[in-house]
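J.: File run.cif follows (mmCIF, N, CA and C atoms):
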```
data_upload
#
loop_
_atom_site.label_atom_id
_atom_site.label_comp_id
_atom_site.auth_asym_id
_atom_site.auth_seq_id
_atom_site.Cartn_x
_atom_site.Cartn_y
_atom_site.Cartn_z
N MET A 695 -10.21 -25.21 27.92
CA MET A 695 -8.80 -24.89 27.83
C MET A 695 -8.37 -25.01 26.37
N ILE A 696 -7.66 -24.00 25.92
CA ILE A 696 -7.06 -24.02 24.59
C ILE A 696 -5.57 -24.12 24.81
N LYS A 697 -5.01 -25.29 24.52
CA LYS A 697 -3.63 -25.56 24.92
C LYS A 697 -2.87 -26.29 23.81
N SER A 698 -1.62 -25.86 23.63
CA SER A 698 -0.65 -26.54 22.77
C SER A 698 -1.11 -26.66 21.31
N ASN A 699 -1.62 -25.57 20.76
CA ASN A 699 -2.02 -25.52 19.36
C ASN A 699 -1.08 -24.61 18.59
N ALA A 700 -1.02 -24.82 17.29
CA ALA A 700 -0.34 -23.90 16.38
C ALA A 700 -1.40 -23.32 15.47
N VAL A 701 -1.61 -22.00 15.56
CA VAL A 701 -2.57 -21.31 14.70
C VAL A 701 -1.77 -20.35 13.86
N LEU A 702 -1.68 -20.64 12.57
CA LEU A 702 -0.80 -19.90 11.67
C LEU A 702 -1.58 -19.27 10.52
N ASP A 703 -1.14 -18.08 10.12
CA ASP A 703 -1.61 -17.43 8.91
C ASP A 703 -3.11 -17.15 8.88
N THR A 704 -3.66 -16.64 9.96
CA THR A 704 -5.05 -16.15 9.94
C THR A 704 -4.98 -14.67 9.56
N PHE A 705 -4.84 -14.43 8.29
CA PHE A 705 -4.54 -13.09 7.77
C PHE A 705 -5.66 -12.09 8.04
N LEU A 706 -6.85 -12.55 8.35
CA LEU A 706 -7.94 -11.68 8.74
C LEU A 706 -8.36 -12.06 10.16
N TYR A 707 -8.65 -11.07 10.95
CA TYR A 707 -9.17 -11.23 12.30
C TYR A 707 -8.12 -11.75 13.29
N ASP A 708 -8.55 -12.60 14.24
CA ASP A 708 -7.72 -13.04 15.35
C ASP A 708 -7.34 -14.52 15.20
N ALA A 709 -6.22 -14.90 15.81
CA ALA A 709 -5.86 -16.32 15.82
C ALA A 709 -6.82 -17.08 16.74
N ILE A 710 -7.05 -16.56 17.95
CA ILE A 710 -8.00 -17.15 18.89
C ILE A 710 -8.91 -16.03 19.38
N ASP A 711 -10.22 -16.21 19.25
CA ASP A 711 -11.20 -15.23 19.71
C ASP A 711 -12.07 -15.90 20.77
N LEU A 712 -11.96 -15.43 22.01
CA LEU A 712 -12.74 -16.02 23.11
C LEU A 712 -14.04 -15.24 23.29
N CYS A 713 -15.13 -15.84 22.88
CA CYS A 713 -16.46 -15.27 23.05
C CYS A 713 -17.18 -15.97 24.20
N SER A 714 -16.43 -16.22 25.26
CA SER A 714 -17.00 -16.87 26.44
C SER A 714 -16.14 -16.48 27.64
N ASN A 715 -16.48 -17.00 28.81
CA ASN A 715 -15.80 -16.62 30.04
C ASN A 715 -15.06 -17.79 30.66
N SER A 716 -14.10 -17.47 31.53
CA SER A 716 -13.39 -18.44 32.37
C SER A 716 -12.66 -19.51 31.56
N ASN A 717 -11.90 -19.07 30.55
CA ASN A 717 -11.10 -19.97 29.73
C ASN A 717 -9.63 -19.82 30.07
N THR A 718 -8.84 -20.82 29.71
CA THR A 718 -7.39 -20.74 29.82
C THR A 718 -6.81 -20.97 28.44
N VAL A 719 -5.93 -20.07 28.01
CA VAL A 719 -5.23 -20.18 26.73
C VAL A 719 -3.75 -20.23 27.07
N GLU A 720 -3.11 -21.39 26.82
CA GLU A 720 -1.70 -21.51 27.19
C GLU A 720 -0.93 -22.43 26.26
N ASN A 721 0.36 -22.15 26.16
CA ASN A 721 1.31 -22.96 25.39
C ASN A 721 0.94 -23.09 23.92
N ASN A 722 0.39 -22.03 23.34
CA ASN A 722 0.05 -22.02 21.92
C ASN A 722 1.07 -21.21 21.14
N VAL A 723 1.23 -21.54 19.87
CA VAL A 723 2.05 -20.77 18.94
C VAL A 723 1.09 -20.11 17.96
N LEU A 724 1.05 -18.77 17.98
CA LEU A 724 0.10 -18.01 17.18
C LEU A 724 0.88 -17.05 16.29
N SER A 725 0.72 -17.19 14.99
CA SER A 725 1.55 -16.41 14.08
C SER A 725 0.75 -15.89 12.89
N ASN A 726 1.04 -14.63 12.50
CA ASN A 726 0.45 -13.99 11.33
C ASN A 726 -1.06 -13.83 11.42
N ALA A 727 -1.52 -13.26 12.52
CA ALA A 727 -2.94 -12.89 12.66
C ALA A 727 -3.05 -11.39 12.44
N ALA A 728 -3.98 -10.97 11.61
CA ALA A 728 -4.09 -9.55 11.27
C ALA A 728 -4.42 -8.69 12.48
N GLU A 729 -5.32 -9.13 13.34
CA GLU A 729 -5.70 -8.31 14.48
C GLU A 729 -4.94 -8.72 15.74
N SER A 730 -5.21 -9.89 16.30
CA SER A 730 -4.55 -10.26 17.56
C SER A 730 -4.25 -11.75 17.61
N GLY A 731 -3.29 -12.08 18.45
CA GLY A 731 -3.05 -13.49 18.73
C GLY A 731 -4.20 -14.06 19.52
N VAL A 732 -4.59 -13.36 20.60
CA VAL A 732 -5.72 -13.78 21.44
C VAL A 732 -6.62 -12.57 21.66
N HIS A 733 -7.90 -12.74 21.38
CA HIS A 733 -8.88 -11.67 21.59
C HIS A 733 -9.82 -12.10 22.71
N LEU A 734 -9.80 -11.37 23.82
CA LEU A 734 -10.73 -11.57 24.93
C LEU A 734 -11.91 -10.66 24.63
N ASP A 735 -12.91 -11.20 23.96
CA ASP A 735 -13.90 -10.47 23.19
C ASP A 735 -15.17 -10.16 23.97
N SER A 736 -15.36 -8.88 24.31
CA SER A 736 -16.57 -8.48 25.03
C SER A 736 -17.71 -8.11 24.09
N SER A 737 -17.48 -8.15 22.78
CA SER A 737 -18.56 -7.83 21.85
C SER A 737 -19.59 -8.95 21.77
N CYS A 738 -19.24 -10.13 22.27
CA CYS A 738 -20.20 -11.22 22.43
C CYS A 738 -20.98 -10.92 23.72
N THR A 739 -22.18 -11.38 23.85
CA THR A 739 -23.00 -11.07 25.01
C THR A 739 -22.34 -11.55 26.30
N SER A 740 -22.04 -10.64 27.20
CA SER A 740 -21.47 -10.92 28.52
C SER A 740 -20.29 -11.88 28.46
N ALA A 741 -19.36 -11.62 27.57
CA ALA A 741 -18.24 -12.53 27.37
C ALA A 741 -16.91 -11.80 27.46
N GLY A 742 -15.82 -12.59 27.39
CA GLY A 742 -14.47 -12.05 27.41
C GLY A 742 -13.95 -11.78 28.80
N ASN A 743 -14.54 -12.41 29.82
CA ASN A 743 -14.20 -12.12 31.21
C ASN A 743 -13.60 -13.32 31.93
N LYS A 744 -12.75 -13.04 32.91
CA LYS A 744 -12.15 -14.04 33.80
C LYS A 744 -11.39 -15.12 33.03
N ASN A 745 -10.66 -14.71 31.99
CA ASN A 745 -9.85 -15.64 31.20
C ASN A 745 -8.39 -15.53 31.62
N VAL A 746 -7.62 -16.59 31.36
CA VAL A 746 -6.19 -16.62 31.64
C VAL A 746 -5.46 -16.85 30.33
N VAL A 747 -4.48 -15.98 30.03
CA VAL A 747 -3.66 -16.11 28.82
C VAL A 747 -2.21 -16.14 29.28
N ASN A 748 -1.53 -17.28 29.11
CA ASN A 748 -0.17 -17.39 29.62
C ASN A 748 0.65 -18.40 28.82
N SER A 749 1.93 -18.14 28.72
CA SER A 749 2.92 -19.05 28.10
C SER A 749 2.63 -19.31 26.62
N ASN A 750 2.15 -18.30 25.91
CA ASN A 750 1.92 -18.39 24.47
C ASN A 750 3.03 -17.64 23.74
N THR A 751 3.31 -18.07 22.51
CA THR A 751 4.23 -17.34 21.64
C THR A 751 3.40 -16.71 20.54
N ILE A 752 3.41 -15.37 20.49
CA ILE A 752 2.58 -14.62 19.55
C ILE A 752 3.50 -13.81 18.65
N THR A 753 3.39 -14.05 17.34
CA THR A 753 4.29 -13.44 16.36
C THR A 753 3.49 -12.77 15.25
N GLU A 754 3.92 -11.59 14.85
CA GLU A 754 3.37 -10.86 13.70
C GLU A 754 1.85 -10.69 13.75
N SER A 755 1.41 -9.84 14.66
CA SER A 755 0.01 -9.45 14.72
C SER A 755 -0.06 -7.99 15.15
N CYS A 756 -1.20 -7.38 14.93
CA CYS A 756 -1.37 -5.99 15.33
C CYS A 756 -1.26 -5.86 16.85
N ALA A 757 -1.92 -6.75 17.58
CA ALA A 757 -1.82 -6.80 19.04
C ALA A 757 -1.58 -8.24 19.46
N GLY A 758 -0.73 -8.42 20.44
CA GLY A 758 -0.54 -9.77 20.98
C GLY A 758 -1.83 -10.26 21.61
N VAL A 759 -2.36 -9.47 22.55
CA VAL A 759 -3.63 -9.78 23.21
C VAL A 759 -4.51 -8.55 23.08
N LEU A 760 -5.71 -8.75 22.57
CA LEU A 760 -6.73 -7.70 22.48
C LEU A 760 -7.70 -7.96 23.63
N ASN A 761 -7.68 -7.10 24.64
CA ASN A 761 -8.39 -7.34 25.89
C ASN A 761 -9.53 -6.35 26.07
N SER A 762 -10.76 -6.81 25.88
CA SER A 762 -11.90 -5.93 26.10
C SER A 762 -12.79 -6.42 27.24
N GLY A 763 -12.44 -7.54 27.83
CA GLY A 763 -13.21 -8.07 28.95
C GLY A 763 -12.71 -7.52 30.27
N THR A 764 -13.20 -8.10 31.35
CA THR A 764 -12.80 -7.68 32.69
C THR A 764 -12.27 -8.88 33.48
N ALA A 765 -11.46 -8.59 34.46
CA ALA A 765 -10.90 -9.60 35.37
C ALA A 765 -10.13 -10.69 34.64
N ASN A 766 -9.46 -10.32 33.54
CA ASN A 766 -8.64 -11.27 32.80
C ASN A 766 -7.22 -11.26 33.36
N SER A 767 -6.56 -12.40 33.29
CA SER A 767 -5.17 -12.51 33.72
C SER A 767 -4.30 -12.76 32.49
N ILE A 768 -3.47 -11.79 32.16
CA ILE A 768 -2.56 -11.92 31.02
C ILE A 768 -1.16 -12.07 31.61
N GLY A 769 -0.64 -13.30 31.57
CA GLY A 769 0.61 -13.63 32.25
C GLY A 769 1.84 -13.02 31.63
N THR A 770 2.88 -12.95 32.42
CA THR A 770 4.16 -12.41 31.96
C THR A 770 4.97 -13.43 31.18
N ALA A 771 4.55 -14.68 31.14
CA ALA A 771 5.30 -15.71 30.42
C ALA A 771 4.95 -15.78 28.94
N ASN A 772 4.08 -14.89 28.45
CA ASN A 772 3.81 -14.83 27.01
C ASN A 772 5.03 -14.22 26.32
N THR A 773 5.33 -14.71 25.10
CA THR A 773 6.42 -14.17 24.31
C THR A 773 5.83 -13.48 23.09
N TYR A 774 6.26 -12.23 22.85
CA TYR A 774 5.74 -11.44 21.75
C TYR A 774 6.87 -11.11 20.78
N ASN A 775 6.66 -11.39 19.49
CA ASN A 775 7.64 -11.09 18.45
C ASN A 775 6.95 -10.33 17.32
N SER A 776 7.47 -9.18 16.97
CA SER A 776 6.94 -8.38 15.85
C SER A 776 5.44 -8.12 15.97
N VAL A 777 5.00 -7.67 17.15
CA VAL A 777 3.61 -7.28 17.33
C VAL A 777 3.57 -5.76 17.50
N GLY A 778 2.49 -5.14 17.06
CA GLY A 778 2.36 -3.70 17.18
C GLY A 778 2.27 -3.27 18.63
N THR A 779 1.43 -3.95 19.41
CA THR A 779 1.24 -3.69 20.84
C THR A 779 1.10 -5.03 21.53
N THR A 780 1.78 -5.22 22.65
CA THR A 780 1.69 -6.52 23.33
C THR A 780 0.29 -6.77 23.87
N VAL A 781 -0.27 -5.82 24.65
CA VAL A 781 -1.63 -5.94 25.17
C VAL A 781 -2.36 -4.63 24.87
N LEU A 782 -3.46 -4.72 24.17
CA LEU A 782 -4.24 -3.54 23.78
C LEU A 782 -5.65 -3.68 24.34
N THR A 783 -6.13 -2.64 25.01
CA THR A 783 -7.48 -2.65 25.55
C THR A 783 -8.47 -2.26 24.46
N GLY A 784 -9.51 -3.09 24.28
CA GLY A 784 -10.54 -2.81 23.29
C GLY A 784 -10.87 -4.04 22.48
N ASN A 785 -11.78 -3.86 21.52
CA ASN A 785 -12.20 -4.95 20.65
C ASN A 785 -11.62 -4.87 19.25
N VAL A 786 -10.93 -3.78 18.93
CA VAL A 786 -10.40 -3.59 17.58
C VAL A 786 -8.98 -3.08 17.66
N CYS A 787 -8.11 -3.66 16.87
CA CYS A 787 -6.77 -3.13 16.69
C CYS A 787 -6.87 -2.22 15.47
N SER A 788 -6.86 -0.91 15.69
CA SER A 788 -7.24 0.03 14.65
C SER A 788 -6.22 0.20 13.54
N THR A 789 -4.97 -0.14 13.79
CA THR A 789 -3.97 0.00 12.73
C THR A 789 -3.24 -1.31 12.57
N LEU A 790 -3.11 -1.75 11.38
CA LEU A 790 -2.32 -2.96 11.13
C LEU A 790 -0.87 -2.53 11.04
N SER A 791 -0.14 -2.72 12.12
CA SER A 791 1.21 -2.19 12.20
C SER A 791 2.27 -3.19 11.77
N VAL A 792 1.86 -4.40 11.45
CA VAL A 792 2.82 -5.42 11.04
C VAL A 792 2.49 -5.84 9.61
N ALA A 793 3.46 -5.82 8.74
CA ALA A 793 3.24 -6.26 7.37
C ALA A 793 3.08 -7.77 7.34
N VAL A 794 2.03 -8.23 6.72
CA VAL A 794 1.79 -9.66 6.59
C VAL A 794 2.33 -10.09 5.24
N VAL A 795 3.25 -11.03 5.24
CA VAL A 795 3.88 -11.46 4.00
C VAL A 795 3.79 -12.97 3.85
N GLY A 796 4.00 -13.45 2.62
CA GLY A 796 4.14 -14.88 2.44
C GLY A 796 3.06 -15.58 1.65
N SER A 797 2.00 -14.89 1.25
CA SER A 797 1.00 -15.57 0.43
C SER A 797 0.24 -14.54 -0.40
N ALA A 798 -0.42 -15.02 -1.42
CA ALA A 798 -1.21 -14.14 -2.28
C ALA A 798 -2.35 -13.50 -1.50
N ALA A 799 -2.91 -14.23 -0.54
CA ALA A 799 -4.03 -13.71 0.25
C ALA A 799 -3.61 -12.55 1.13
N SER A 800 -2.32 -12.41 1.38
CA SER A 800 -1.87 -11.37 2.28
C SER A 800 -1.23 -10.19 1.56
N ALA A 801 -1.43 -10.08 0.27
CA ALA A 801 -0.75 -9.04 -0.50
C ALA A 801 -1.06 -7.65 0.05
N GLN A 802 -2.32 -7.37 0.31
CA GLN A 802 -2.70 -6.07 0.88
C GLN A 802 -3.89 -6.27 1.80
N VAL A 803 -3.89 -5.54 2.89
CA VAL A 803 -5.04 -5.56 3.80
C VAL A 803 -5.31 -4.13 4.20
N SER A 804 -6.56 -3.74 4.19
CA SER A 804 -6.91 -2.39 4.62
C SER A 804 -7.92 -2.47 5.75
N GLN A 805 -8.00 -1.43 6.52
CA GLN A 805 -8.94 -1.40 7.64
C GLN A 805 -10.34 -1.09 7.12
N ALA A 806 -11.31 -1.88 7.49
CA ALA A 806 -12.69 -1.66 7.06
C ALA A 806 -13.32 -0.56 7.88
N SER A 807 -14.31 0.08 7.32
CA SER A 807 -15.02 1.12 8.05
C SER A 807 -16.30 0.58 8.66
N SER A 808 -16.47 -0.74 8.65
CA SER A 808 -17.68 -1.33 9.20
C SER A 808 -17.70 -1.20 10.72
N ALA A 809 -18.84 -1.46 11.29
CA ALA A 809 -19.00 -1.33 12.74
C ALA A 809 -18.12 -2.31 13.50
N THR A 810 -17.78 -3.45 12.90
CA THR A 810 -16.96 -4.42 13.61
C THR A 810 -15.50 -4.02 13.64
N GLY A 811 -15.06 -3.20 12.69
CA GLY A 811 -13.68 -2.77 12.66
C GLY A 811 -12.72 -3.82 12.15
N HIS A 812 -13.23 -4.92 11.62
CA HIS A 812 -12.37 -5.96 11.10
C HIS A 812 -11.81 -5.57 9.74
N PRO A 813 -10.56 -5.95 9.43
CA PRO A 813 -9.97 -5.59 8.15
C PRO A 813 -10.62 -6.36 7.01
N THR A 814 -10.56 -5.78 5.81
CA THR A 814 -11.05 -6.47 4.63
C THR A 814 -9.94 -6.47 3.58
N PRO A 815 -9.83 -7.54 2.81
CA PRO A 815 -8.78 -7.59 1.80
C PRO A 815 -9.00 -6.57 0.69
N VAL A 816 -7.93 -6.03 0.17
CA VAL A 816 -8.00 -5.11 -0.96
C VAL A 816 -7.93 -5.95 -2.23
N ARG A 817 -8.85 -5.74 -3.12
CA ARG A 817 -8.86 -6.55 -4.36
C ARG A 817 -8.57 -5.67 -5.53
#
```
Translate the structure described by the file into structure tokens.
T.:
Amino acid sequence: MIKSNAVLDTFLYDAIDLCSNSNTVENNVLSNAAESGVHLDSSCTSAGNKNVVNSNTITESCAGVLNSGTANSIGTANTYNSVGTTVLTGNVCSTLSVAVVGSAASAQVSQASSATGHPTPVR
């Protein structure tokens, strides 16, 4: 169980990436993640399935929940603020639709062309 955490300013990738099955993610505050607040990640071997995501506050990310697994429960009690898409099916949020501000590390971010689809900082 991942409960009652504050994950802030993960300017690259996801705030929480679940590379396993049958987890519960609840009552977390997730802010300023480039890709997603919570990633139910099927790119790990046989993972991202039968997870529960509920009662989280997700702010300023490309997707609130990036869901590529199966049989996941994404509750209606999640709160989404300034996210590009609340729930997106897949392993990659292809467009960074939210401007990340507030630090030198977040000045610019571009989408990488690598197989993982993760963003890389512009230098």
J.: Could you check which of A:Leu782, A:Val747, A:Ala728, A:Cys756 is closest to Leu706 of chain A, using all atoms listed in the file?
T.: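 Distance minimum relative to Leu706 of chain A lands on A:Ala728.
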J.: Give me the result of the PyMOL selection byres ((chain A and resi 714) around 6) on this file, residue by residue, as a list in words.
T.: Leu712, Cys713, Asn715, Ser716, Asn717, Ala741, Gly742 and Asn743 of chain A
J.: For the atom pair atom CA of Asn721 of chain A and atom CA of Ser762 of chain A, what is the interatomic distance in Å to one decimal place?
T.: 21.6 Å
J.: If we count only N, CA and C atoms, what is near Cys787 of chain A at a cut-off of 6.5 Å, once residues fewer than 3 positions away on the same chain are taken out, given as a list in words?
T.: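 The residues that qualify are Glu729, Cys756, Ala757, Gly784 and Leu790 of chain A.
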J.: With only N, CA and C atoms as the atoms that count, which of A:Ile710, A:Val777, A:Leu702, A:Val723 lies nearest to Asp735 of chain A?
T.: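 Of A:Ile710, A:Val777, A:Leu702, A:Val723, the one nearest Asp735 of chain A, counting only N, CA and C atoms, is A:Ile710.
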J.: Mind pulling up the distance from atom CA of Val786 of chain A to atom CA of Ser736 of chain A?
T.: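 Going from atom CA of Ser736 of chain A over to atom CA of Val786 of chain A, I get 10.8 Å.
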J.: Selected by the PyMOL selection byres (((chain A and resi 779 and name CA) around 12) and name CA) in the shown coordinates: which residues, as a PyMOL selection string?
T.: chain A and resi 729-731+752-761+774-778+780-783+787-792
J.: Could you tell me which of A:Ser740, A:Thr704, A:Asn748, A:Asn766 comes closest to Asn726 of chain A if we count only C-alpha atoms?
T.: A:Thr704
J.: Which neighbours of Val719 of chain A fall inside 6.5 Å, counting only N, CA and C atoms, when residues of the same chain fewer than 5 positions from it are skipped, and could you give them as a PyMOL selection string?
T.: chain A and resi 695-697+745-750
J.: Could you work out how far atom CA of Tyr707 of chain A lies from atom CA of Asn772 of chain A, giving the answer in Å with one decimal?
T.: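 Between these atoms lies a distance of 19.9 Å.
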J.: Between A:Leu734, A:Ser725, A:Ala771, A:Thr718, which residue has the minimum interatomic distance to Phe705 of chain A, considering all atoms listed in the file?
T.: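 Closest to Phe705 of chain A, using all atoms listed in the file: A:Ser725.
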